[in-house]
Amino acid sequence: MAQKAITTENAPLHCMEERFYSRLGRALKPGVIARVVLAAFERARRGEKLISLTGGSYDPMSLPVKEVEEVLRDIPPEDWRGILQYGSNLGSGRLRAELAKFSGEAGIEADPEGEIIVTTGSQQALDLISRVFLDPGDRVIVGEPTYLQALASFRLYGAEVETVPLDEEGMRIDALERKLRKLSAEGRRVKLLYTVPSYQNPTATVMPEHRRRRLVELAEEYDFLIVEDNPYGYISFEGPMPKPIKAYDDVGRVIYLSTFSKIVSPGLRIGWAIGRRGFIEKMALAKMNADICSDGLSQYVAAELLRRGHVHRLIERVRRVYREKRDLMLESMELHFPEEAEWREPRGGLFLWVKMPEGFDADALLDEALKRGVAYIPGSNFYTDPNIRNYLRLNYSYPSREEIAEGIRILGDLFSEALKS
């Protein structure tokens, strides 16, 4: 008797789907950001608002609408032909030249012809690095807590993540040295170290110069690469941006990442990586398999915004706006948060990291917060151990001033109730 074919009529839908996925496909699971976005859509469908104190989105009123309109209006016909054609997998030569100048102001010297690659946001750069450098079982060191999508990218490619604690000055170099000695004695090699040294996500800590210099020395001593992620460094509330680790790198062990998403516009999807020529060439080959090349129009606009000096003016604008919003959030927390809550004043960046008492469960309270119309990110998402649940991250760059005041009041009431129960 012939075997009956499996069809959509006689097989459960989830079974039919699962058998087609690859190992990587099966590993893709919706995270907390997706959960919050779905809640926002559902509330919007019912005509209800959701105050989002979650992702590091750009202040809507500060977006460079006029500046971008001006660039688009001025594009000559001959430039349109290049914009609308395929481009280099390294990125627009015009943009790479401008990025070399921009990075040079921070002390990073890079040849735009072969040491810079333009990516579709810095998240693509993290994915390309994971593809090019990581095999299953390779070890990556991160300072913990750390950026959740970096953890997701490393895990997706099978890396084993080792953690080093942070203090008020970022990654603890003494703990890192102990970790490296231990792993070396056990014959276990470290491939990459990932760090966000300036206004770190999620803690907003800043690594001092002596730690940055020592990190480069340790990379040479123990033969690993440093991935320096710098989305937030330009958003400094107290003086100029801290000098990047890459500026202390004389041998090419640092791969430097940055993005327009926090200082110009997330919608342009412009990120970039700077590193050794061979490393950048490999990333460019991996990018060919991902998207061939980045969007030509966005790259043209980005290059012109840099060339015309708009980027520096936009950075000054968001520094002022975000400093004011930070101050308002801190004032509101002083008024409404329970006295058991602890936090430090961020000196830059987009986030405020809150510690609650042991036993407090920020994950369990998220659903109730969403019902009351406020979203935040539970701190467990930034740890390799999901049982660390008494932290949360708040964002002040995206919500309006009115939303910040209202959202903090709502969370303050919720958290106070939880601590009393």
# chains A, B, ... in the order shown; residues from 1 in each chain; ligands from 1
>>> select_by_dssp(residues="stretch 105-286 of chain A", states="strand (DSSP E)", output="MDAnalysis selection string")
chainID A and resid 116:120 139:144 160:167 170:171 190:195 225:229 254:259 270:274
>>> select_by_dssp(residues="stretch 234-416 of chain A", states="helix (DSSP H, G or I)", output="ChimeraX atom specification")
/A:245-248,266-268,277-290,296-307,310-336,362-372,379-382,401-416
>>> atom_distance(atom1="atom CA of A:Ser400", atom2="atom CA of A:Asp59")
8.0 Å
>>> atom_distance(atom1="atom CA of A:Lys179", atom2="atom CA of A:Val164")
7.6 Å
>>> closest_residue(among="A:Asn289, A:Ser236, A:Thr384, A:Asn89", to="A:Pro165", atoms="only C-alpha atoms")
A:Thr384
>>> closest_residue(among="A:Gln149, A:Asn230, A:Ser103, A:Asn395", to="A:Phe351", atoms="only C-alpha atoms")
A:Asn395
>>> residues_around(residues="A:Asp363", least_positions_apart="5", cutoff="10 Å", atoms="only C-alpha atoms", output="ChimeraX atom specification")
/A:32,376-381,386-392
>>> closest_atom_pairs(of="stretch 49-157 of chain A", to="stretch 308-325 of chain A", cutoff="9 Å", atoms="only C-alpha atoms", output="Markdown table")
| residue | atom | partner | partner_atom | distance |
| --- | --- | --- | --- | --- |
| A:Tyr58 | CA | A:Val318 | CA | 8.6 |
| A:Asp59 | CA | A:Val318 | CA | 7.8 |
| A:Ser62 | CA | A:Val318 | CA | 6.9 |
| A:Leu63 | CA | A:Leu314 | CA | 8.5 |
| A:Pro64 | CA | A:Leu314 | CA | 7.5 |
| A:Glu67 | CA | A:His310 | CA | 7.3 |
>>> residues_around(residues="A:Ser258", least_positions_apart="5", cutoff="9 Å", atoms="only C-alpha atoms", output="number ranges by chain")
A: 121-122, 228-232, 270-274
>>> write_last_selection(atoms="C-alpha atoms", output="short mmCIF file (atom, residue, chain, number, x, y, z; two decimals), in the first residue's frame")
data_model
loop_
_atom_site.label_atom_id
_atom_site.label_comp_id
_atom_site.auth_asym_id
_atom_site.auth_seq_id
_atom_site.Cartn_x
_atom_site.Cartn_y
_atom_site.Cartn_z
CA GLY A 121 23.62 49.36 10.52
CA SER A 122 26.23 48.19 13.00
CA GLU A 228 34.95 47.70 19.94
CA ASP A 229 31.31 48.72 19.52
CA ASN A 230 30.89 52.49 19.73
CA PRO A 231 27.30 53.53 18.98
CA TYR A 232 27.03 55.92 21.94
CA ILE A 270 24.37 53.31 7.94
CA GLY A 271 26.96 51.53 10.05
CA TRP A 272 30.65 50.92 9.47
CA ALA A 273 33.57 48.82 10.59
CA ILE A 274 37.27 49.74 10.62
#
>>> residues_around(residues="A:Ala125", least_positions_apart="3", cutoff="12 Å", atoms="only C-alpha atoms", output="ChimeraX atom specification")
/A:90,116-122,128-133,149-150,153,227-230,255-259,269-275,279-280,282-284,286-287,290,294
>>> atom_distance(atom1="atom CA of A:Arg35", atom2="atom CA of A:Ala418")
21.8 Å
>>> closest_residue(among="A:Ala303, A:Leu50, A:Leu193, A:Ala375", to="A:Leu99", atoms="only C-alpha atoms")
A:Ala303
>>> residues_around(residues="stretch 51-56 of chain A", least_positions_apart="6", cutoff="10 Å", atoms="only C-alpha atoms", output="PyMOL selection string")
chain A and resi 32-33+36-37+40+201+232+261-262+266+349-352+369-370+372-378+392-400+402-404+406-408
>>> closest_residue(among="A:Arg94, A:Ile410, A:Glu281, A:Ile173", to="A:Lys371", atoms="only C-alpha atoms")
A:Ile410
>>> decode(residues="stretch 223-238 of chain A", atoms="all heavy atoms", output="mmCIF file, in the first residue's frame")
data_model
loop_
_atom_site.group_PDB
_atom_site.id
_atom_site.type_symbol
_atom_site.label_atom_id
_atom_site.label_comp_id
_atom_site.auth_asym_id
_atom_site.auth_seq_id
_atom_site.Cartn_x
_atom_site.Cartn_y
_atom_site.Cartn_z
ATOM 1 N N ASP A 223 46.736 36.897 22.471
ATOM 2 C CA ASP A 223 46.436 36.609 21.066
ATOM 3 C C ASP A 223 44.937 36.494 20.789
ATOM 4 O O ASP A 223 44.447 35.471 20.318
ATOM 5 C CB ASP A 223 47.151 35.331 20.621
ATOM 6 C CG ASP A 223 47.066 35.137 19.096
ATOM 7 O OD1 ASP A 223 46.976 36.142 18.373
ATOM 8 O OD2 ASP A 223 47.090 33.979 18.653
ATOM 9 N N PHE A 224 44.208 37.559 21.075
ATOM 10 C CA PHE A 224 42.806 37.612 20.684
ATOM 11 C C PHE A 224 42.514 38.957 20.021
ATOM 12 O O PHE A 224 43.332 39.879 20.053
ATOM 13 C CB PHE A 224 41.866 37.385 21.881
ATOM 14 C CG PHE A 224 41.992 38.383 23.007
ATOM 15 C CD1 PHE A 224 41.322 39.600 22.982
ATOM 16 C CD2 PHE A 224 42.778 38.093 24.130
ATOM 17 C CE1 PHE A 224 41.423 40.504 24.030
ATOM 18 C CE2 PHE A 224 42.895 38.983 25.182
ATOM 19 C CZ PHE A 224 42.212 40.200 25.120
ATOM 20 N N LEU A 225 41.340 39.063 19.378
ATOM 21 C CA LEU A 225 40.895 40.291 18.742
ATOM 22 C C LEU A 225 39.889 41.001 19.632
ATOM 23 O O LEU A 225 39.136 40.366 20.375
ATOM 24 C CB LEU A 225 40.251 40.002 17.383
ATOM 25 C CG LEU A 225 41.114 39.309 16.340
ATOM 26 C CD1 LEU A 225 40.309 39.077 15.067
ATOM 27 C CD2 LEU A 225 42.377 40.116 16.043
ATOM 28 N N ILE A 226 39.866 42.318 19.542
ATOM 29 C CA ILE A 226 38.898 43.146 20.272
ATOM 30 C C ILE A 226 37.883 43.685 19.275
ATOM 31 O O ILE A 226 38.251 44.281 18.259
ATOM 32 C CB ILE A 226 39.590 44.316 20.987
ATOM 33 C CG1 ILE A 226 40.599 43.806 22.017
ATOM 34 C CG2 ILE A 226 38.558 45.233 21.645
ATOM 35 C CD1 ILE A 226 41.504 44.903 22.575
ATOM 36 N N VAL A 227 36.609 43.485 19.567
ATOM 37 C CA VAL A 227 35.536 44.122 18.805
ATOM 38 C C VAL A 227 35.032 45.278 19.653
ATOM 39 O O VAL A 227 34.403 45.064 20.704
ATOM 40 C CB VAL A 227 34.399 43.139 18.483
ATOM 41 C CG1 VAL A 227 33.283 43.862 17.718
ATOM 42 C CG2 VAL A 227 34.925 41.960 17.666
ATOM 43 N N GLU A 228 35.350 46.487 19.215
ATOM 44 C CA GLU A 228 34.952 47.697 19.944
ATOM 45 C C GLU A 228 33.697 48.266 19.290
ATOM 46 O O GLU A 228 33.721 48.726 18.156
ATOM 47 C CB GLU A 228 36.057 48.746 19.922
ATOM 48 C CG GLU A 228 35.666 50.041 20.627
ATOM 49 C CD GLU A 228 36.727 51.121 20.557
ATOM 50 O OE1 GLU A 228 37.659 50.990 19.735
ATOM 51 O OE2 GLU A 228 36.628 52.096 21.316
ATOM 52 N N ASP A 229 32.597 48.233 20.014
ATOM 53 C CA ASP A 229 31.309 48.717 19.516
ATOM 54 C C ASP A 229 31.070 50.104 20.102
ATOM 55 O O ASP A 229 30.966 50.259 21.317
ATOM 56 C CB ASP A 229 30.209 47.737 19.947
ATOM 57 C CG ASP A 229 28.947 47.871 19.116
ATOM 58 O OD1 ASP A 229 28.888 48.761 18.249
ATOM 59 O OD2 ASP A 229 28.012 47.070 19.341
ATOM 60 N N ASN A 230 30.995 51.110 19.248
ATOM 61 C CA ASN A 230 30.886 52.490 19.735
ATOM 62 C C ASN A 230 29.683 53.217 19.134
ATOM 63 O O ASN A 230 29.834 54.169 18.379
ATOM 64 C CB ASN A 230 32.176 53.262 19.419
ATOM 65 C CG ASN A 230 32.184 54.637 20.062
ATOM 66 O OD1 ASN A 230 31.622 54.828 21.143
ATOM 67 N ND2 ASN A 230 32.803 55.605 19.400
ATOM 68 N N PRO A 231 28.466 52.805 19.475
ATOM 69 C CA PRO A 231 27.299 53.533 18.984
ATOM 70 C C PRO A 231 27.013 54.813 19.760
ATOM 71 O O PRO A 231 26.353 55.721 19.244
ATOM 72 C CB PRO A 231 26.143 52.538 19.180
ATOM 73 C CG PRO A 231 26.739 51.289 19.715
ATOM 74 C CD PRO A 231 28.092 51.621 20.240
ATOM 75 N N TYR A 232 27.490 54.873 21.019
ATOM 76 C CA TYR A 232 27.033 55.917 21.937
ATOM 77 C C TYR A 232 28.086 56.945 22.301
ATOM 78 O O TYR A 232 27.771 57.948 22.938
ATOM 79 C CB TYR A 232 26.535 55.263 23.244
ATOM 80 C CG TYR A 232 25.649 54.081 23.020
ATOM 81 C CD1 TYR A 232 26.105 52.780 23.257
ATOM 82 C CD2 TYR A 232 24.352 54.250 22.535
ATOM 83 C CE1 TYR A 232 25.296 51.681 23.023
ATOM 84 C CE2 TYR A 232 23.536 53.153 22.303
ATOM 85 C CZ TYR A 232 24.013 51.879 22.541
ATOM 86 O OH TYR A 232 23.215 50.784 22.301
ATOM 87 N N GLY A 233 29.343 56.718 21.916
ATOM 88 C CA GLY A 233 30.429 57.562 22.401
ATOM 89 C C GLY A 233 30.271 59.031 22.088
ATOM 90 O O GLY A 233 30.675 59.892 22.877
ATOM 91 N N TYR A 234 29.678 59.341 20.927
ATOM 92 C CA TYR A 234 29.516 60.742 20.545
ATOM 93 C C TYR A 234 28.482 61.466 21.399
ATOM 94 O O TYR A 234 28.463 62.691 21.444
ATOM 95 C CB TYR A 234 29.135 60.845 19.066
ATOM 96 C CG TYR A 234 30.261 60.492 18.129
ATOM 97 C CD1 TYR A 234 30.384 59.210 17.605
ATOM 98 C CD2 TYR A 234 31.231 61.439 17.787
ATOM 99 C CE1 TYR A 234 31.427 58.882 16.753
ATOM 100 C CE2 TYR A 234 32.280 61.119 16.942
ATOM 101 C CZ TYR A 234 32.380 59.832 16.429
ATOM 102 O OH TYR A 234 33.420 59.507 15.595
ATOM 103 N N ILE A 235 27.615 60.698 22.078
ATOM 104 C CA ILE A 235 26.556 61.327 22.880
ATOM 105 C C ILE A 235 27.090 61.515 24.296
ATOM 106 O O ILE A 235 26.665 60.882 25.260
ATOM 107 C CB ILE A 235 25.275 60.478 22.848
ATOM 108 C CG1 ILE A 235 24.887 60.183 21.410
ATOM 109 C CG2 ILE A 235 24.121 61.217 23.535
ATOM 110 C CD1 ILE A 235 23.779 59.174 21.257
ATOM 111 N N SER A 236 28.053 62.403 24.416
ATOM 112 C CA SER A 236 28.719 62.678 25.686
ATOM 113 C C SER A 236 28.151 63.957 26.285
ATOM 114 O O SER A 236 28.091 64.985 25.616
ATOM 115 C CB SER A 236 30.226 62.831 25.464
ATOM 116 O OG SER A 236 30.859 63.280 26.633
ATOM 117 N N PHE A 237 27.729 63.894 27.539
ATOM 118 C CA PHE A 237 27.158 65.054 28.205
ATOM 119 C C PHE A 237 28.205 65.892 28.933
ATOM 120 O O PHE A 237 27.896 66.979 29.427
ATOM 121 C CB PHE A 237 26.090 64.611 29.211
ATOM 122 C CG PHE A 237 24.979 63.797 28.612
ATOM 123 C CD1 PHE A 237 24.365 62.800 29.347
ATOM 124 C CD2 PHE A 237 24.541 64.027 27.321
ATOM 125 C CE1 PHE A 237 23.334 62.044 28.806
ATOM 126 C CE2 PHE A 237 23.507 63.282 26.765
ATOM 127 C CZ PHE A 237 22.904 62.284 27.513
ATOM 128 N N GLU A 238 29.429 65.390 29.015
ATOM 129 C CA GLU A 238 30.478 66.076 29.776
ATOM 130 C C GLU A 238 31.764 66.105 28.963
ATOM 131 O O GLU A 238 32.690 65.343 29.215
ATOM 132 C CB GLU A 238 30.709 65.376 31.117
ATOM 133 C CG GLU A 238 29.480 65.313 32.005
ATOM 134 C CD GLU A 238 29.705 64.508 33.277
ATOM 135 O OE1 GLU A 238 30.855 64.093 33.504
ATOM 136 O OE2 GLU A 238 28.742 64.301 34.019
#
